[in-house]
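Engineer: Quick one: the structure is below, questions incoming.
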Amino acid sequence: MSRVELRALSKTFGPVHAVRDVSLDIPDHSFVTLLGPSGCGKTTTLNMIAGLERVSRGEILLDGRPITGWAPHERGMAMVFQNYALYPHMNVFDNIAFALKLQRRPRDEIDRRVRATAEALELGPLLGRRIAQLSGGQQQRVALARAMVKEPRVFLFDEPLSNLDAGLRTRMRVEIKRLHQQLRTTSIFVTHDQEEAMILSDFVAVMRDGIVVQYGPAQEIYRRPSHLYVATFIGKPRMGLVAGQLRAAAGNVELVAEGLHLRWPLDGPPPPALAAGEREVLLGVRAEDARLGPPGAEREGFTGEVELLEPLGSDTYVEVRRGPHRLTARVEPDSAPRIGDQVSIRIPWGRVHLFDAASERRVN
Amino acid sequence: MSRASPLIRPVTVYALVALVLLWTVAPVAWIATMSVQPEINYVSVPPRLRLEQTSLRWYAATLASPEFVGAMRTSALVSMATMLLCLTLGTLAAYPLARLNVPHRNLYLTLSVTARMVPAMILIIPMFLLLRSLQLLDTHLGLIAVYTAFLLPYVIWMLKNFFEQVPYALEAAARMDGCSRLGALVRVIIPVTAPGVVATAVFAFIGAWNEFLFGLILSTRLAVPVTVKLSSLVSTTFHSDTSLVAAAGMLALLPPVLLVFVLNRFIVRGLVEGMKY
Ligand SMILES: Nc1ncnc2c1ncn2[C@@H]1O[C@H](COP(=O)(O)OP(=O)(O)OP(=O)(O)O)[C@@H](O)[C@H]1O
Ligand SMILES: [Mg+2]
């Protein structure tokens, strides 16, 4: 049992509001990512959970007990840092054993646990090495081992992969995911890499300027972004957007934008977003939802010229421009058009994301 | 650079190094020579050194003088104590200055070192009066207190710079693993900055060992440091034998040199290489 709850957590550094009113419920056994750009308060939030940073306002609960003022080691959490933060004056064994030694565990227990953990992370032959004699990937595994050996109630990760090269990064990502599936320890992971967040997490909290913009299951964050910011931050390629005026007319929904007029027939009543009549919106569509076809009748789709092709091998992304608007569609590599071709993108109404132009909140 | 003269650079460098070495080592070498030769050999012009007259008897005589040995003991004791005190207090002051949000930290650092810019001469009289009223004149404790007061700001400054270089995450990791802040300081930060800490310790030791002015004024009989004793040897000319003074000087030189020699590996790493994490 290790559920972590943050209640209106805030942190100020003098005039800087690093974290504001962050409330998250992190269920037992879950893997939660704090995702956001540099400086949005991810590390500060994690450090408050760890007890490394004093909380300005708000509360942290571990399994329902307030732990806000507790010292870091009293919380039973372990942390993996971006720059590994291994003790350079100790060898691998002593690095992993450090916490257990401080807990004054019996020698044979320390020995057994360190060796078992090292074995699990394939560090067995390296136990006698000095830290300076390890590669970056090995150092990261030692850092993982140092956290694991404590058998913590919660794992905290602060961008543990961002110092690794791309290949190693993917491998370590898999390793962390595998470890979590084995150990089922509640994990809180900080990253600015949305792909990493999507792959690893059960739940994602998207942050900006110290606040959590959206918190929910990873799929929901992707499928139903609650805010324009989340919609554009998550997903590769970036969600295509068209700014215009949305209105309901004669059984249709219409989007009127500069040099563009899109129309969808409506089966039922107009969408709730249009209850108050027409409104300025940003209409978003992801590349995999956009259907590419030959240029069709005006108003049926988004007709324009192919401006850019991004072949990934398995798929090809086609960027289509019309006037000031650009949308991207995903196609099979074999059916990809050529640059300069006239094509049209059909946007299924059921797959569009609508955001209010002023508040940037989702309205559908 | 021109490819025609690949030798010019190394030759120039070595020549300069040799010059500097000559400049620093020659006086010491001369005193070393004096300490094993009868006075007449080197006082004459030009000096006539005679190998067959080389002798260690002036060393023997110096070491047989209880006054000189006592002064050596005083200096050793005072310098060691000053070094330990400076390290302990310095660490405890440098850590918060390096790591915690101490208000006005720069003001404090600037002031504490600026205060040391005052010439020692000006402080002699107040210091004398202060120690007299504390009844610490001519005591080891008095010297230790004064030396520590003078060296501590520099020690704090040096240690602070070393501590600042330790990545924050290293300390955070130690705290996550179960260290208190003090525990993290002792178990991780100090070991990691060991070269710097050792260099600072040597600095404090040598600073105390070489001090002369305060030792001269504040001590008269019971706690005379070796620097002061040496000068009194020169002025009273200790059975008017310069070789004896030279031997005493060489002996007084020994502890700091030995210290640097033993800790050389650390110091060079601390001062030249910087630190690796
Ligand atoms: N000790 C501090 N003193 C003052 N401001 C701070 C301090 N630590 C962080 N901040 C500020 O708080 C904000 C959030 O910082 P934080 O380190 O949590 O961001 P982050 O999301 O982890 O960014 P990154 O991805 O770059 O690591 C930033 O504006 C930062 O400048
Ligand atoms: Mg960070």
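Starting from 1 in every chain, residues are counted up; chains themselves are A, B, ... following the order of the structure tokens, and ligands are numbered from 1 as listed.
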Please, which residues of chain A lie no more than 12 Å from chain B when the count uses only C-alpha atoms, and can they be set out as a PyMOL selection string?
Structural biologist: chain A and resi 13-14+43+46-53+70-90+95-104+130-133+143-144+146-152+154-158
Engineer: With only C-alpha atoms and all ligand atoms counted, collect every polymer residue having an atom within 10 Å of ligand 1; state the result as a VMD selection string.
Structural biologist: (chain A and resid 11 to 19 34 to 48 53 82 158 to 159 190 to 193 207 to 210) or (chain B and resid 99 to 101)
Engineer: Write a file of the just-selected residues containing N, CA, C and O atoms, as a short mmCIF file (atom, residue, chain, number, x, y, z; two decimals), in the first residue's frame.
Structural biologist:
```
data_model
loop_
_atom_site.label_atom_id
_atom_site.label_comp_id
_atom_site.auth_asym_id
_atom_site.auth_seq_id
_atom_site.Cartn_x
_atom_site.Cartn_y
_atom_site.Cartn_z
N LYS A 11 4.89 25.98 -3.83
CA LYS A 11 6.25 26.30 -3.42
C LYS A 11 6.65 27.65 -4.01
O LYS A 11 6.50 27.87 -5.21
N THR A 12 7.10 28.53 -3.16
CA THR A 12 7.61 29.81 -3.66
C THR A 12 9.07 29.94 -3.28
O THR A 12 9.48 29.55 -2.19
N PHE A 13 9.85 30.45 -4.21
CA PHE A 13 11.23 30.84 -3.93
C PHE A 13 11.25 32.35 -4.01
O PHE A 13 11.30 32.90 -5.10
N GLY A 14 11.18 33.01 -2.87
CA GLY A 14 11.08 34.47 -2.91
C GLY A 14 9.89 34.85 -3.77
O GLY A 14 8.77 34.40 -3.53
N PRO A 15 10.13 35.64 -4.82
CA PRO A 15 9.00 36.07 -5.66
C PRO A 15 8.58 35.00 -6.68
O PRO A 15 7.54 35.14 -7.31
N VAL A 16 9.37 33.95 -6.85
CA VAL A 16 9.08 32.96 -7.88
C VAL A 16 8.09 31.92 -7.37
O VAL A 16 8.31 31.28 -6.36
N HIS A 17 6.97 31.80 -8.10
CA HIS A 17 6.00 30.75 -7.79
C HIS A 17 6.38 29.51 -8.57
O HIS A 17 6.00 29.36 -9.72
N ALA A 18 7.16 28.63 -7.99
CA ALA A 18 7.64 27.48 -8.75
C ALA A 18 6.53 26.44 -8.92
O ALA A 18 6.42 25.82 -9.97
N VAL A 19 5.71 26.26 -7.90
CA VAL A 19 4.62 25.28 -7.95
C VAL A 19 3.40 25.91 -7.29
O VAL A 19 3.51 26.51 -6.23
N LEU A 34 5.18 13.25 -14.24
CA LEU A 34 5.00 14.69 -14.27
C LEU A 34 5.68 15.17 -15.54
O LEU A 34 6.89 15.02 -15.69
N LEU A 35 4.89 15.70 -16.45
CA LEU A 35 5.40 16.03 -17.78
C LEU A 35 5.25 17.52 -18.02
O LEU A 35 4.19 18.09 -17.74
N GLY A 36 6.28 18.13 -18.54
CA GLY A 36 6.17 19.56 -18.86
C GLY A 36 7.50 20.09 -19.31
O GLY A 36 8.53 19.43 -19.17
N PRO A 37 7.49 21.29 -19.86
CA PRO A 37 8.74 21.87 -20.37
C PRO A 37 9.65 22.30 -19.24
O PRO A 37 9.26 22.30 -18.08
N SER A 38 10.85 22.68 -19.58
CA SER A 38 11.85 23.09 -18.60
C SER A 38 11.32 24.25 -17.75
O SER A 38 10.71 25.18 -18.27
N GLY A 39 11.55 24.16 -16.46
CA GLY A 39 11.20 25.26 -15.57
C GLY A 39 9.75 25.28 -15.13
O GLY A 39 9.30 26.24 -14.51
N CYS A 40 8.98 24.23 -15.42
CA CYS A 40 7.56 24.26 -15.09
C CYS A 40 7.30 23.78 -13.67
O CYS A 40 6.16 23.78 -13.21
N GLY A 41 8.34 23.35 -12.95
CA GLY A 41 8.15 22.98 -11.55
C GLY A 41 8.11 21.49 -11.28
O GLY A 41 7.73 21.07 -10.18
N LYS A 42 8.52 20.70 -12.22
CA LYS A 42 8.49 19.24 -12.04
C LYS A 42 9.42 18.81 -10.91
O LYS A 42 9.03 18.08 -10.00
N THR A 43 10.68 19.25 -11.02
CA THR A 43 11.66 18.85 -10.02
C THR A 43 11.27 19.36 -8.65
O THR A 43 11.38 18.64 -7.65
N THR A 44 10.79 20.58 -8.59
CA THR A 44 10.40 21.15 -7.31
C THR A 44 9.29 20.31 -6.68
O THR A 44 9.33 20.01 -5.48
N THR A 45 8.32 19.90 -7.49
CA THR A 45 7.23 19.06 -6.98
C THR A 45 7.78 17.74 -6.45
O THR A 45 7.47 17.31 -5.34
N LEU A 46 8.66 17.12 -7.25
CA LEU A 46 9.23 15.84 -6.86
C LEU A 46 10.04 15.99 -5.57
O LEU A 46 9.95 15.15 -4.66
N ASN A 47 10.82 17.07 -5.49
CA ASN A 47 11.64 17.29 -4.30
C ASN A 47 10.79 17.50 -3.05
O ASN A 47 11.19 17.12 -1.95
N MET A 48 9.63 18.11 -3.23
CA MET A 48 8.73 18.27 -2.08
C MET A 48 8.18 16.92 -1.65
O MET A 48 8.08 16.63 -0.45
N GLU A 53 12.80 19.38 -0.34
CA GLU A 53 12.46 20.79 -0.46
C GLU A 53 11.29 21.05 0.48
O GLU A 53 10.35 20.26 0.50
N GLN A 82 18.96 12.70 -12.33
CA GLN A 82 19.36 12.88 -13.73
C GLN A 82 20.85 12.62 -13.94
O GLN A 82 21.23 11.92 -14.87
N ASP A 158 13.88 11.61 -11.37
CA ASP A 158 13.96 12.96 -11.94
C ASP A 158 14.74 12.92 -13.25
O ASP A 158 15.97 12.96 -13.24
N GLU A 159 14.06 12.84 -14.34
CA GLU A 159 14.66 12.76 -15.67
C GLU A 159 15.86 11.82 -15.70
O GLU A 159 16.96 12.22 -16.10
N VAL A 190 9.62 12.08 -13.52
CA VAL A 190 9.61 13.43 -14.09
C VAL A 190 10.31 13.40 -15.43
O VAL A 190 11.39 12.83 -15.57
N THR A 191 9.70 13.99 -16.43
CA THR A 191 10.35 14.09 -17.74
C THR A 191 9.77 15.24 -18.53
O THR A 191 8.68 15.73 -18.23
N HIS A 192 10.54 15.70 -19.53
CA HIS A 192 9.95 16.67 -20.45
C HIS A 192 9.71 16.01 -21.80
O HIS A 192 9.36 16.67 -22.77
N ASP A 193 9.91 14.69 -21.85
CA ASP A 193 9.78 13.96 -23.10
C ASP A 193 8.42 13.27 -23.13
O ASP A 193 8.18 12.30 -22.41
N MET A 207 2.19 19.57 -16.84
CA MET A 207 2.39 20.80 -16.06
C MET A 207 2.81 21.95 -16.94
O MET A 207 3.43 21.78 -17.98
N ARG A 208 2.45 23.14 -16.49
CA ARG A 208 2.94 24.36 -17.12
C ARG A 208 2.96 25.46 -16.07
O ARG A 208 1.99 25.64 -15.34
N ASP A 209 4.06 26.19 -16.01
CA ASP A 209 4.21 27.32 -15.09
C ASP A 209 3.77 26.97 -13.67
O ASP A 209 3.06 27.75 -13.03
N GLY A 210 4.14 25.81 -13.19
CA GLY A 210 3.86 25.47 -11.81
C GLY A 210 2.48 24.92 -11.54
O GLY A 210 2.17 24.59 -10.40
N ARG B 99 25.28 26.24 0.81
CA ARG B 99 24.12 25.45 0.46
C ARG B 99 22.77 26.01 0.88
O ARG B 99 21.78 25.79 0.22
N LEU B 100 22.74 26.68 2.01
CA LEU B 100 21.45 27.11 2.53
C LEU B 100 21.20 28.55 2.15
O LEU B 100 22.09 29.28 1.74
N ASN B 101 19.96 28.93 2.31
CA ASN B 101 19.58 30.29 1.96
C ASN B 101 19.90 31.25 3.09
O ASN B 101 19.02 31.78 3.73
#
```
Engineer: Kindly indicate which residue among A:Pro270, A:Val331, A:Phe189, A:Ala243 lies nearest to ligand 2, using only C-alpha atoms and all ligand atoms for the distances.
Structural biologist: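 Between A:Pro270, A:Val331, A:Phe189, A:Ala243, the residue approaching ligand 2 most closely is A:Phe189.
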Engineer: Near segment 250-253 of chain B, within 9 Å and counting only C-alpha atoms, which residues show up once chain neighbours fewer than 4 positions away are dropped, as a list of chain:residue names?
Structural biologist: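 Listed by chain and then number, they are B:Val28, B:Ile31, B:Ala32, B:Ser35, B:Tyr59, B:Thr62, B:Leu63, B:Met72, B:Trp209, B:Val226, B:Thr227, B:Leu230, B:Val245, B:Ala246, B:Val257, B:Leu258.
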Engineer: Could the residues in this selection be written to a file with C-alpha atoms, as a JSON list (two decimals), in the first residue's frame?
Structural biologist:
```json
[["chain", "number", "residue", "atom", "x", "y", "z"],
["B", 28, "VAL", "CA", 66.89, 27.49, 1.57],
["B", 31, "ILE", "CA", 70.78, 27.95, 4.85],
["B", 32, "ALA", "CA", 70.95, 24.18, 4.60],
["B", 35, "SER", "CA", 73.66, 24.54, 8.96],
["B", 59, "TYR", "CA", 71.60, 20.14, 14.77],
["B", 62, "THR", "CA", 69.90, 22.82, 18.69],
["B", 63, "LEU", "CA", 67.92, 19.72, 19.58],
["B", 72, "MET", "CA", 58.92, 23.72, 18.39],
["B", 209, "TRP", "CA", 53.21, 27.95, 11.93],
["B", 226, "VAL", "CA", 59.37, 28.76, 17.01],
["B", 227, "THR", "CA", 59.33, 31.74, 14.66],
["B", 230, "LEU", "CA", 64.33, 31.85, 15.88],
["B", 245, "VAL", "CA", 70.74, 29.57, 13.86],
["B", 246, "ALA", "CA", 70.76, 27.96, 10.42],
["B", 257, "VAL", "CA", 57.62, 20.79, 4.49],
["B", 258, "LEU", "CA", 56.92, 17.30, 5.77]]
```
Engineer: Please give the complete set of residues from segment 61-281 of chain A that DSSP, run on the backbone, assigns to strand (DSSP E or B), formatted as an MDAnalysis selection string.
Structural biologist: chainID A and resid 61:62 65:66 77:80 91 130 154:158 186:191 203:208 211:217 227 240:249 252:257 260:265 279:281
Engineer: Which residues of segment 252-342 of chain A sit at most 8 Å from segment 229-237 of chain A, using only C-alpha atoms? Give each one's shortest atom pair and distance in Å (one decimal place), in chain and ascending residue order, as a Markdown table.
Structural biologist:
```
| residue | atom | partner | partner_atom | distance |
| --- | --- | --- | --- | --- |
| A:Arg286 | CA | A:Pro237 | CA | 7.9 |
| A:Ala287 | CA | A:Pro237 | CA | 7.1 |
| A:Thr328 | CA | A:Pro237 | CA | 7.8 |
```
Engineer: Those same residues, written as a PDB file, in the first residue's frame with C-alpha atoms?
Structural biologist:
```
ATOM      1  CA  ARG A 286      -4.287  14.338 -35.105  1.00  0.00           C
ATOM      2  CA  ALA A 287      -2.429  12.964 -38.088  1.00  0.00           C
ATOM      3  CA  THR A 328      -0.852  16.643 -41.218  1.00  0.00           C
TER       4      THR A 328
END
```
Engineer: Which residues come within 12 Å of Thr316 of chain A, counting only C-alpha atoms, excluding same-chain residues fewer than 6 positions away, as number ranges by chain?
Structural biologist: A: 237, 287-288, 292, 308-310, 328-338
Engineer: Grab the atom CA of Val78 of chain B to atom CA of Asp138 of chain B distance for me, in Å with one decimal place.
Structural biologist: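 According to the coordinates, atom CA of Val78 of chain B and atom CA of Asp138 of chain B are separated by 12.1 Å.
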Engineer: Which is closer to Asp202 of chain A than all the others in A:Ile26, A:Ile110, A:Leu126, A:Leu312, using only C-alpha atoms?
Structural biologist: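 Of A:Ile26, A:Ile110, A:Leu126, A:Leu312, the one nearest Asp202 of chain A is A:Ile26, counting only C-alpha atoms.
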